[in-house]
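> Questions regarding the structure given below will be posed in turn.
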Amino acid sequence: MTEITRSFSDHERLPLKDYAERAYLDYSMYVVLDRALPHVGDGLKPVQRRIVYAMSELGLSATSKHKKSARTVGDVLGKFHPHGDSACYEAMVLMAQPFSYRYPLIDGQGNFGSPDDPKSFAAMRYTESRLAPYARLLLSELGMGTVDFQPNFDGTLKEPVLLPSRVPNVLLNGGTGIAVGMATDIPPHNLREVVSACIRLLDEPKATVAELCEHVKGPDFPTEAEIITPREDLLALYETGHGSVKLRAVWEKQDGEIVVTALPHQVSPAKVLEQIAGQMRAKKLPMVEDLRDESDHENPTRLVIVPRSNRVDLEQVMNHLFATTDLERNVRVNLNVIGTDGKPRVMDLRHLLKEWLSFRTATVTRRLEHRLDQVVDRLHILEGLLVAYLNIDEVIHIIRTEDEPKPVLMQRFGITATQAEAILELKLRHLAKLEEMKIRGEQDELEKEREELETILGSKARMKTLIKKELTEDAEQYGDDRRSRLVTREAAQALKEEDLVASEPCTVVLSQAGWVRAAKGHEIDPSTLAYKSGDEYRHAARGRSNQQAVFLDSTGRAYALPAHTLPSARGLGEPLTSRFNLPDGARFLYALAGNPEQKIVLASSFGYGFVTQMEHLHSRMKAGKAMLTVPAGGEPVMPAVIASPEADTLVCATTDGYLLVFALEELPELTKGKGNKMIQVPPKRLKSGEERMAGMAVKAPGEEILVWAGKRYLRMGDKDLEHYRAERAKRGRKLPQGFRHVTLLEPAAPVISES
């Protein structure tokens with residue numbers, strides 16, 4: 001026990017809070033700096049950098065033969081990156097996919113995935129790979145003293161801290177990553193545009209983001225989908241370093257069919273087809289008849305959408321699909337990178353390019369200094385060799401006679417140890433007379449090169465000129481045209497549910513008990529349908545299946561349902577109370593249907609009413625919408641449809657046989673409320689319930705109305721109604737004997753709206 005206690009006392013003691021905080025911070029910094037975020041210098045994450053470097057060490061250049069990917073992954077894991085092989089191979093595959101990377105770094109042979117499923121690549125034992133030509137821009141200056149090297153994980157090898165990228169790869173290929181507390185989403189860009197912006201910034205160090213955006217028009221994705229983000233939004237994105245880009249698929253009309261030829265970045269054609277097919281199965285896309293995927297080697301993306309008929313508006317269909325499928329998608333942008341000072345931060349376009357240019361300037365400076373050191377060393381050796389050739393016989397004599405010729409040579413000719421070593425390592429065949437001429441020629445060339453290097457290193461202007469020249473050459477060799485066109489488009493709008501439903505005539509039938517159903521066509525007689533025991537026909541409305549069916553209750557509240565969702569008239573229907581929450585004591589009285597613009601007259605039995613449009617009765621609430629203010633003891637009368645623009649007369653009647661005719665324009669048009677007085681009823685008779693407004697009808701010149709008193713009716717035309725014409729809110733005149741108990745007014749020939 002004593003020994004155990006003593007061993008514990010030898011350990012450091014820390015509060016758990018401090019230990020957890022330090023461990024979490026260490027882990028966070030590792031994830032941010034060594035895993036998830038790219039460096040502004042070469043635009044690579046550590047695993048990508050190690051893959052590219054390991055392949056260069058294996059000799060897998062763009063001109064070499066492909067080698068098994070497993071060989072590369074093994075080298076990366078064994079030498080530089082001690083992590084999982086699947087994660088490493090996946091990072092390698094991503095750099096080889098032309099639909100994922102704008103400028104792929106790896107040239108793959110075999111199954112490296114497809115746009116349908118980027119992770120459907122074959123195992124690394126089957127695929128082969130080598131570096132793509134573009135990778136030269138990252139590796140060509142690696143052995144020129146341009147970057148620092150650090151020990152690998154076990155200290156047995158050296159690996160570069162960064163790769164000496166000749167172009168701003170951080171923008172060209174972009175990248176995504178999620179670290180701890182931060183993330184990065186950098187879209188790819190066009191090489192020529194970015195290089196042009198770099199040259200502008202070298203020439204004009206104070207150039208603004210707006211001026212740089214004259215060169216960098218926007219992101220340039222591997223696919224040819226359109227960028228429809230407005231110009232001002234793209235400018236704001238580059239000024240702040242974060243925002244989003246909206247991508248839209250490219251399509252065209254061919255033989256009356258829709259052919260999609262390009263999809264947004266990282267969108268799967270199979271998923272898009274599945275989304276469209278799902279809408280077709282749900283009967284939310286009746287204008288589409290068929291789908292086909294005709295993609296092949298010649299046409300990597302070719303999705304065909306077949307409309308139901310040549311009358312279908314293809315533009316409208318595509319606008320709906322853009323709004324409801326991945327044919328249009330937003331790509332998040334967050335220019336968060338590790339700067340040259342080793343700290344991560346979000347940069348705008350100007351700061352990002354300035355950071356890279358400072359990195360590039362430092363890289364070129366180190367390259368030139370490294371070369372200058374080599375030139376100076378070589379000139380030093382050539383001077384020693386020239387001394388040897390001028391005194392060749394004496395040099396040979398010293399070498400043959402002296403046990404240690406090196407110090408003797410140094411003393412005799414006043415040369416350095418390095419020069420003496422070079423003389424001693426000369427081969428006999430190099431003692432030819434022509435070698436002296438070669439040395440002098442090489443000396444002259446190296447002297448010129450030294451002068452040139454010193455001039456460039458001593459002049460900022462010369463340094464800028466050199467960087468611009470190299471950038472221009474690289475852009476000419478590896479650059480290409482923009483793929484993502486920048487287009488101004490209107491925002492996509494999904495079709496309303498009623499627009500997606502086939503427009504067919506239907507009759508909405510309401511029973512006394514509040515049961516509802518819909519029959520196809522307008523020829524049906526609702527009163528002849530079968531009803532539940534104790535129930536009977538109440539009211540019906542003729543409309544179309546793509547319209548809203550509206551129901552008015554006894555309190556003046558309006559409720560709406562899509563007509564196509566109502567049960568068929570083959571059955572007994574279903575109670576409206578299962579769809580809506582009806583106020584206590586209320587009951588459903590009337591059904592309505594028609595276009596949203598259709599005008600109707602709403603009125604209460606107390607003689608107040610107004611004109612309104614059908615759309616004002618539409619409500620998605622289960623509790624409905626308060627539409628008509630009904631005084632206590634009253635209820636709505638049957639609404640009157642204004643069937644034609646010529647309708648200009650409103651006819652009202654009371655239960656005691658008083659009829660009033662007045663101009664429709666005297667009644668106000670409201671969205672809801674009580675309305676204005678239509679026909680006068682003595683207050684005492686109104687309060688006692690002895691007399692009420694029985695009904696109303698709207699007519700146009702030449703039309704007739706029917707005045708019902710039980711089963712008897714009176715047909716009245718323009719001449720008959722003139723006797724009852726007066727101003728609104730008057731008492732009206734008594735109808736003939738036998739019609740002193742009016743029950744209903746209606747047009748003599750009901751107008752059926754087909755629109």
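Numbering starts fresh at 1 for the residues of each chain in the structure tokens, the chains themselves are lettered A, B, ... in the order given, and ligands are numbered from 1 as they appear.
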Would you mind listing, for every residue of stretch 314-406 of chain A within 12 Å of stretch 40-48 of chain A, the two atoms forming the shortest contact and the distance between them in Å to one decimal, using only C-alpha atoms, sorted by chain and ascending residue number, as a tab-separated table?

```
residue	atom	partner	partner_atom	distance
A:Leu335	CA	A:Val40	CA	10.2
A:Asn336	CA	A:Val40	CA	9.3
A:Val337	CA	A:Val40	CA	6.0
A:Ile338	CA	A:Val40	CA	5.9
A:Gly339	CA	A:Val40	CA	5.6
A:Thr340	CA	A:Val40	CA	6.9
A:Asp341	CA	A:Val40	CA	10.1
A:Gly342	CA	A:Val40	CA	9.5
A:Lys343	CA	A:Val40	CA	10.4
A:Pro344	CA	A:Val40	CA	9.5
A:Arg345	CA	A:Val40	CA	10.4
A:Val346	CA	A:Val40	CA	11.1
A:Met347	CA	A:Val40	CA	10.2
A:Leu349	CA	A:Val40	CA	11.8
A:His351	CA	A:Val40	CA	10.6
A:Leu352	CA	A:Val40	CA	7.3
A:Leu353	CA	A:Val40	CA	8.8
A:Lys354	CA	A:Val40	CA	10.1
A:Glu355	CA	A:Val40	CA	7.1
A:Trp356	CA	A:Gly41	CA	5.7
A:Leu357	CA	A:Gly41	CA	8.8
A:Ser358	CA	A:Gly41	CA	9.1
A:Phe359	CA	A:Gly41	CA	6.0
A:Arg360	CA	A:Gly41	CA	7.6
A:Thr361	CA	A:Gly41	CA	10.9
A:Ala362	CA	A:Gly41	CA	10.5
A:Thr363	CA	A:Gly41	CA	9.6
```
> I need the residues in stretch 294-534 of chain A that are alpha helix (DSSP H) according to DSSP; give them as number ranges by chain.
A: 314-324, 349-390, 392-401, 405-413, 417-424, 434-457, 460-478, 497-500
> So, with only C-alpha atoms as the atoms that count, which of A:Thr629, A:Gln598, A:Asn676, A:Thr649 lies closest to A:Asp553?
A:Thr629
> What's the 7 Å shell around A:Val651, counting only C-alpha atoms, without same-chain residues fewer than 6 positions away, as a list in words?
Leu660, Val661, Phe662, Met696, Ala697 and Val698 of chain A
> Could those residues be written to a file, using C-alpha atoms, as a PDB file, in the first residue's frame?

```
ATOM      1  CA  LEU A 660     -86.672  45.756 -53.625  1.00  0.00           C
ATOM      2  CA  VAL A 661     -84.631  46.305 -56.777  1.00  0.00           C
ATOM      3  CA  PHE A 662     -81.645  48.681 -56.785  1.00  0.00           C
ATOM      4  CA  MET A 696     -81.201  38.006 -53.051  1.00  0.00           C
ATOM      5  CA  ALA A 697     -80.198  37.631 -56.680  1.00  0.00           C
ATOM      6  CA  VAL A 698     -77.931  39.545 -59.072  1.00  0.00           C
TER       7      VAL A 698
END
```
> Can you tell me how far atom CA of A:Asp154 sits from atom CA of A:Asp75, in Å to one decimal?
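For atom CA of A:Asp154 relative to atom CA of A:Asp75, the distance reads 14.0 Å.
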> Given the choices A:Glu224, A:Asp499, A:Asp85, A:Glu257, which gets closest to A:Phe99 if the distance is worked out from only C-alpha atoms?
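Closest to A:Phe99 of all the choices is A:Glu224.
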> Contacts of stretch 631-646 of chain A at 6 Å or less, counting only C-alpha atoms, minus same-chain residues fewer than 6 places along, as an mmCIF file with N, CA, C and O atoms, in the first residue's frame?

```
data_model
loop_
_atom_site.group_PDB
_atom_site.id
_atom_site.type_symbol
_atom_site.label_atom_id
_atom_site.label_comp_id
_atom_site.auth_asym_id
_atom_site.auth_seq_id
_atom_site.Cartn_x
_atom_site.Cartn_y
_atom_site.Cartn_z
ATOM 1 N N SER A 554 -73.248 29.323 -40.055
ATOM 2 C CA SER A 554 -74.356 30.161 -39.591
ATOM 3 C C SER A 554 -73.888 31.389 -38.825
ATOM 4 O O SER A 554 -74.688 32.289 -38.556
ATOM 5 N N LYS A 599 -66.595 37.588 -58.138
ATOM 6 C CA LYS A 599 -67.267 38.460 -57.175
ATOM 7 C C LYS A 599 -68.603 37.862 -56.755
ATOM 8 O O LYS A 599 -69.321 37.277 -57.582
ATOM 9 N N ILE A 600 -68.920 38.019 -55.470
ATOM 10 C CA ILE A 600 -70.181 37.536 -54.918
ATOM 11 C C ILE A 600 -70.728 38.593 -53.961
ATOM 12 O O ILE A 600 -70.020 39.511 -53.559
ATOM 13 N N VAL A 601 -72.004 38.428 -53.616
ATOM 14 C CA VAL A 601 -72.633 39.301 -52.627
ATOM 15 C C VAL A 601 -72.919 38.476 -51.385
ATOM 16 O O VAL A 601 -73.541 37.404 -51.468
ATOM 17 N N LEU A 602 -72.430 38.915 -50.227
ATOM 18 C CA LEU A 602 -72.708 38.277 -48.954
ATOM 19 C C LEU A 602 -73.673 39.163 -48.170
ATOM 20 O O LEU A 602 -73.520 40.393 -48.155
ATOM 21 N N ALA A 603 -74.649 38.553 -47.521
ATOM 22 C CA ALA A 603 -75.623 39.334 -46.746
ATOM 23 C C ALA A 603 -76.157 38.490 -45.613
ATOM 24 O O ALA A 603 -76.154 37.250 -45.670
ATOM 25 N N SER A 604 -76.610 39.179 -44.563
ATOM 26 C CA SER A 604 -77.228 38.496 -43.427
ATOM 27 C C SER A 604 -78.740 38.620 -43.524
ATOM 28 O O SER A 604 -79.273 39.450 -44.271
ATOM 29 N N SER A 605 -79.450 37.815 -42.744
ATOM 30 C CA SER A 605 -80.921 37.869 -42.749
ATOM 31 C C SER A 605 -81.449 39.176 -42.174
ATOM 32 O O SER A 605 -82.642 39.470 -42.301
ATOM 33 N N GLY A 695 -83.825 36.378 -49.265
ATOM 34 C CA GLY A 695 -82.853 36.026 -50.289
ATOM 35 C C GLY A 695 -82.532 37.193 -51.178
ATOM 36 O O GLY A 695 -83.082 38.289 -51.031
ATOM 37 N N ALA A 697 -80.696 38.121 -55.398
ATOM 38 C CA ALA A 697 -80.198 37.631 -56.680
ATOM 39 C C ALA A 697 -79.616 38.801 -57.448
ATOM 40 O O ALA A 697 -80.085 39.938 -57.323
ATOM 41 N N ALA A 700 -78.283 40.657 -64.850
ATOM 42 C CA ALA A 700 -77.866 41.556 -65.914
ATOM 43 C C ALA A 700 -79.088 41.917 -66.743
ATOM 44 O O ALA A 700 -80.122 41.237 -66.674
#
```
> By how many Å are atom CA of A:Leu191 and atom CA of A:Asp480 apart?
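Value for the atom CA of A:Leu191-atom CA of A:Asp480 distance: 7.3 Å.
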> Report as a ChimeraX atom specification all protein, DNA and RNA residues lying within 9 Å of A:Leu572, evaluated on only C-alpha atoms, omitting residues in the same chain fewer than 2 positions from it.
/A:515-517,529-532,567-570,574
> Keeping only N, CA, C and O atoms, write the selected residues to a file as a tab-separated table (two decimals), in the first residue's frame.

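Written file, result-v5.tsv:
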```
chain	number	residue	atom	x	y	z
A	515	TRP	N	-72.23	17.20	-44.08
A	515	TRP	CA	-71.38	16.25	-44.80
A	515	TRP	C	-71.11	16.80	-46.20
A	515	TRP	O	-71.99	17.42	-46.82
A	516	VAL	N	-69.90	16.56	-46.72
A	516	VAL	CA	-69.52	17.13	-48.01
A	516	VAL	C	-68.93	16.06	-48.91
A	516	VAL	O	-68.34	15.08	-48.44
A	517	ARG	N	-69.09	16.26	-50.21
A	517	ARG	CA	-68.49	15.39	-51.23
A	517	ARG	C	-68.45	16.17	-52.54
A	517	ARG	O	-69.06	17.24	-52.65
A	529	LEU	N	-78.92	12.49	-54.95
A	529	LEU	CA	-77.89	11.64	-54.36
A	529	LEU	C	-78.41	10.97	-53.10
A	529	LEU	O	-79.37	11.42	-52.47
A	530	ALA	N	-77.74	9.87	-52.73
A	530	ALA	CA	-78.12	9.17	-51.50
A	530	ALA	C	-77.50	9.89	-50.30
A	530	ALA	O	-76.36	10.37	-50.36
A	531	TYR	N	-78.28	9.99	-49.21
A	531	TYR	CA	-77.80	10.64	-47.99
A	531	TYR	C	-77.98	9.70	-46.81
A	531	TYR	O	-78.75	8.73	-46.87
A	532	LYS	N	-77.26	10.01	-45.75
A	532	LYS	CA	-77.38	9.22	-44.54
A	532	LYS	C	-78.81	9.28	-44.03
A	532	LYS	O	-79.56	10.22	-44.29
A	567	PRO	N	-64.00	14.05	-50.80
A	567	PRO	CA	-64.32	12.67	-51.17
A	567	PRO	C	-65.29	12.61	-52.36
A	567	PRO	O	-66.00	13.57	-52.64
A	568	SER	N	-65.28	11.47	-53.02
A	568	SER	CA	-66.11	11.31	-54.22
A	568	SER	C	-67.59	11.23	-53.85
A	568	SER	O	-67.97	10.78	-52.76
A	569	ALA	N	-68.43	11.65	-54.82
A	569	ALA	CA	-69.88	11.60	-54.61
A	569	ALA	C	-70.42	10.18	-54.69
A	569	ALA	O	-71.62	9.96	-54.43
A	570	ARG	N	-69.57	9.20	-55.04
A	570	ARG	CA	-70.04	7.80	-55.06
A	570	ARG	C	-70.39	7.33	-53.65
A	570	ARG	O	-71.21	6.43	-53.48
A	574	GLU	N	-67.90	12.95	-46.19
A	574	GLU	CA	-67.35	12.99	-44.84
A	574	GLU	C	-67.80	14.28	-44.16
A	574	GLU	O	-68.11	15.28	-44.84
```
> Counting only C-alpha atoms, which of A:Glu211, A:Glu404, A:Asp313, A:Asp116 gets nearest to A:Glu274?
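Comparing A:Glu211, A:Glu404, A:Asp313, A:Asp116 against A:Glu274, the winner is A:Asp116.
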> Identify, on the basis of only C-alpha atoms, every residue whose closest approach to A:Glu128 does not exceed 7 Å; exclude the query and any residue fewer than 4 positions from it along the same chain; express the result as a list in words.
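With the cut-off at 7 Å, the set is His66, Lys67, Lys68, Ser69, Gly108, Gln109 and Gly110 of chain A.
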> Let me make sure I understand: among A:Leu25, A:Met627, A:Leu321, A:Leu446, which one has the smallest atom-to-atom distance to A:Gln374 if we use only C-alpha atoms?
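Checking each candidate against A:Gln374, we get A:Leu446 as the closest.
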> From the options A:Val509, A:Phe739, A:Ala726, A:Asp26, which residue's atoms come nearest to A:Val707, counting only C-alpha atoms?
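Under the stated criterion, the closest residue is A:Phe739.
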> Counting only C-alpha atoms, figure out which residue out of A:Leu453, A:His430, A:Cys652, A:Gly177 gets nearest to A:Ile392.
A:His430
> Which distance in Å separates atom CA of A:Arg538 and atom CA of A:Phe551, to one decimal?
11.9 Å
> Which residues of stretch 220-309 of chain A have any atom within 10 Å of an atom in stretch 483-492 of chain A when counting only C-alpha atoms, and what is the closest pair of atoms for each, with the distance in Å to one decimal? Order the rows by chain and rising number and write it as a Markdown table.

```
| residue | atom | partner | partner_atom | distance |
| --- | --- | --- | --- | --- |
| A:Asp220 | CA | A:Ser484 | CA | 5.1 |
| A:Phe221 | CA | A:Ser484 | CA | 5.9 |
| A:Pro222 | CA | A:Arg483 | CA | 6.9 |
| A:Thr223 | CA | A:Arg483 | CA | 6.8 |
| A:Glu224 | CA | A:Ser484 | CA | 4.9 |
| A:Ala225 | CA | A:Ser484 | CA | 5.6 |
| A:Glu226 | CA | A:Arg485 | CA | 5.0 |
| A:Ile227 | CA | A:Leu486 | CA | 4.9 |
| A:Ile228 | CA | A:Val487 | CA | 5.2 |
| A:Thr229 | CA | A:Thr488 | CA | 7.3 |
| A:Pro230 | CA | A:Thr488 | CA | 6.5 |
| A:Arg231 | CA | A:Thr488 | CA | 8.5 |
| A:Leu247 | CA | A:Ser484 | CA | 8.8 |
| A:Arg248 | CA | A:Arg489 | CA | 9.5 |
| A:Val250 | CA | A:Arg485 | CA | 9.9 |
| A:Ala262 | CA | A:Ser484 | CA | 9.9 |
| A:Pro264 | CA | A:Ser484 | CA | 9.4 |
| A:His265 | CA | A:Ser484 | CA | 9.8 |
```
> Can those selected residues be exported to a file as a compact mmCIF listing (two decimals), in the first residue's frame so that it contains C-alpha atoms?

```txt
# COMPACT_ATOMS: atom_id res chain seq x y z
CA ASP A 220 -16.52 29.01 -61.60
CA PHE A 221 -17.72 25.49 -60.82
CA PRO A 222 -16.68 22.28 -62.59
CA THR A 223 -20.22 21.78 -63.95
CA GLU A 224 -21.72 24.18 -66.47
CA ALA A 225 -24.73 25.20 -64.39
CA GLU A 226 -25.68 28.88 -64.44
CA ILE A 227 -24.92 31.28 -61.60
CA ILE A 228 -28.05 33.42 -61.18
CA THR A 229 -26.94 35.38 -58.11
CA PRO A 230 -27.25 39.13 -58.85
CA ARG A 231 -24.05 41.06 -59.50
CA LEU A 247 -26.82 27.76 -59.06
CA ARG A 248 -29.44 26.72 -61.60
CA VAL A 250 -29.18 24.48 -67.79
CA ALA A 262 -26.01 20.67 -66.82
CA PRO A 264 -25.52 22.50 -60.16
CA HIS A 265 -22.25 21.56 -58.47
```
> I'd like the neighbourhood of A:Asp648 as number ranges by chain, where a residue qualifies if any of its atoms comes within 8 Å (using only C-alpha atoms), though same-chain residues fewer than 5 positions away should be ignored.
A: 663-665, 698-701
> Mind listing the strand (DSSP E or B) residues of stretch 328-576 of chain A, per DSSP on the backbone, as a PyMOL selection string?
chain A and resi 328-334+336-338+344-346+486+505-511+515-520+537-544+548-553+557-562+568+574-575
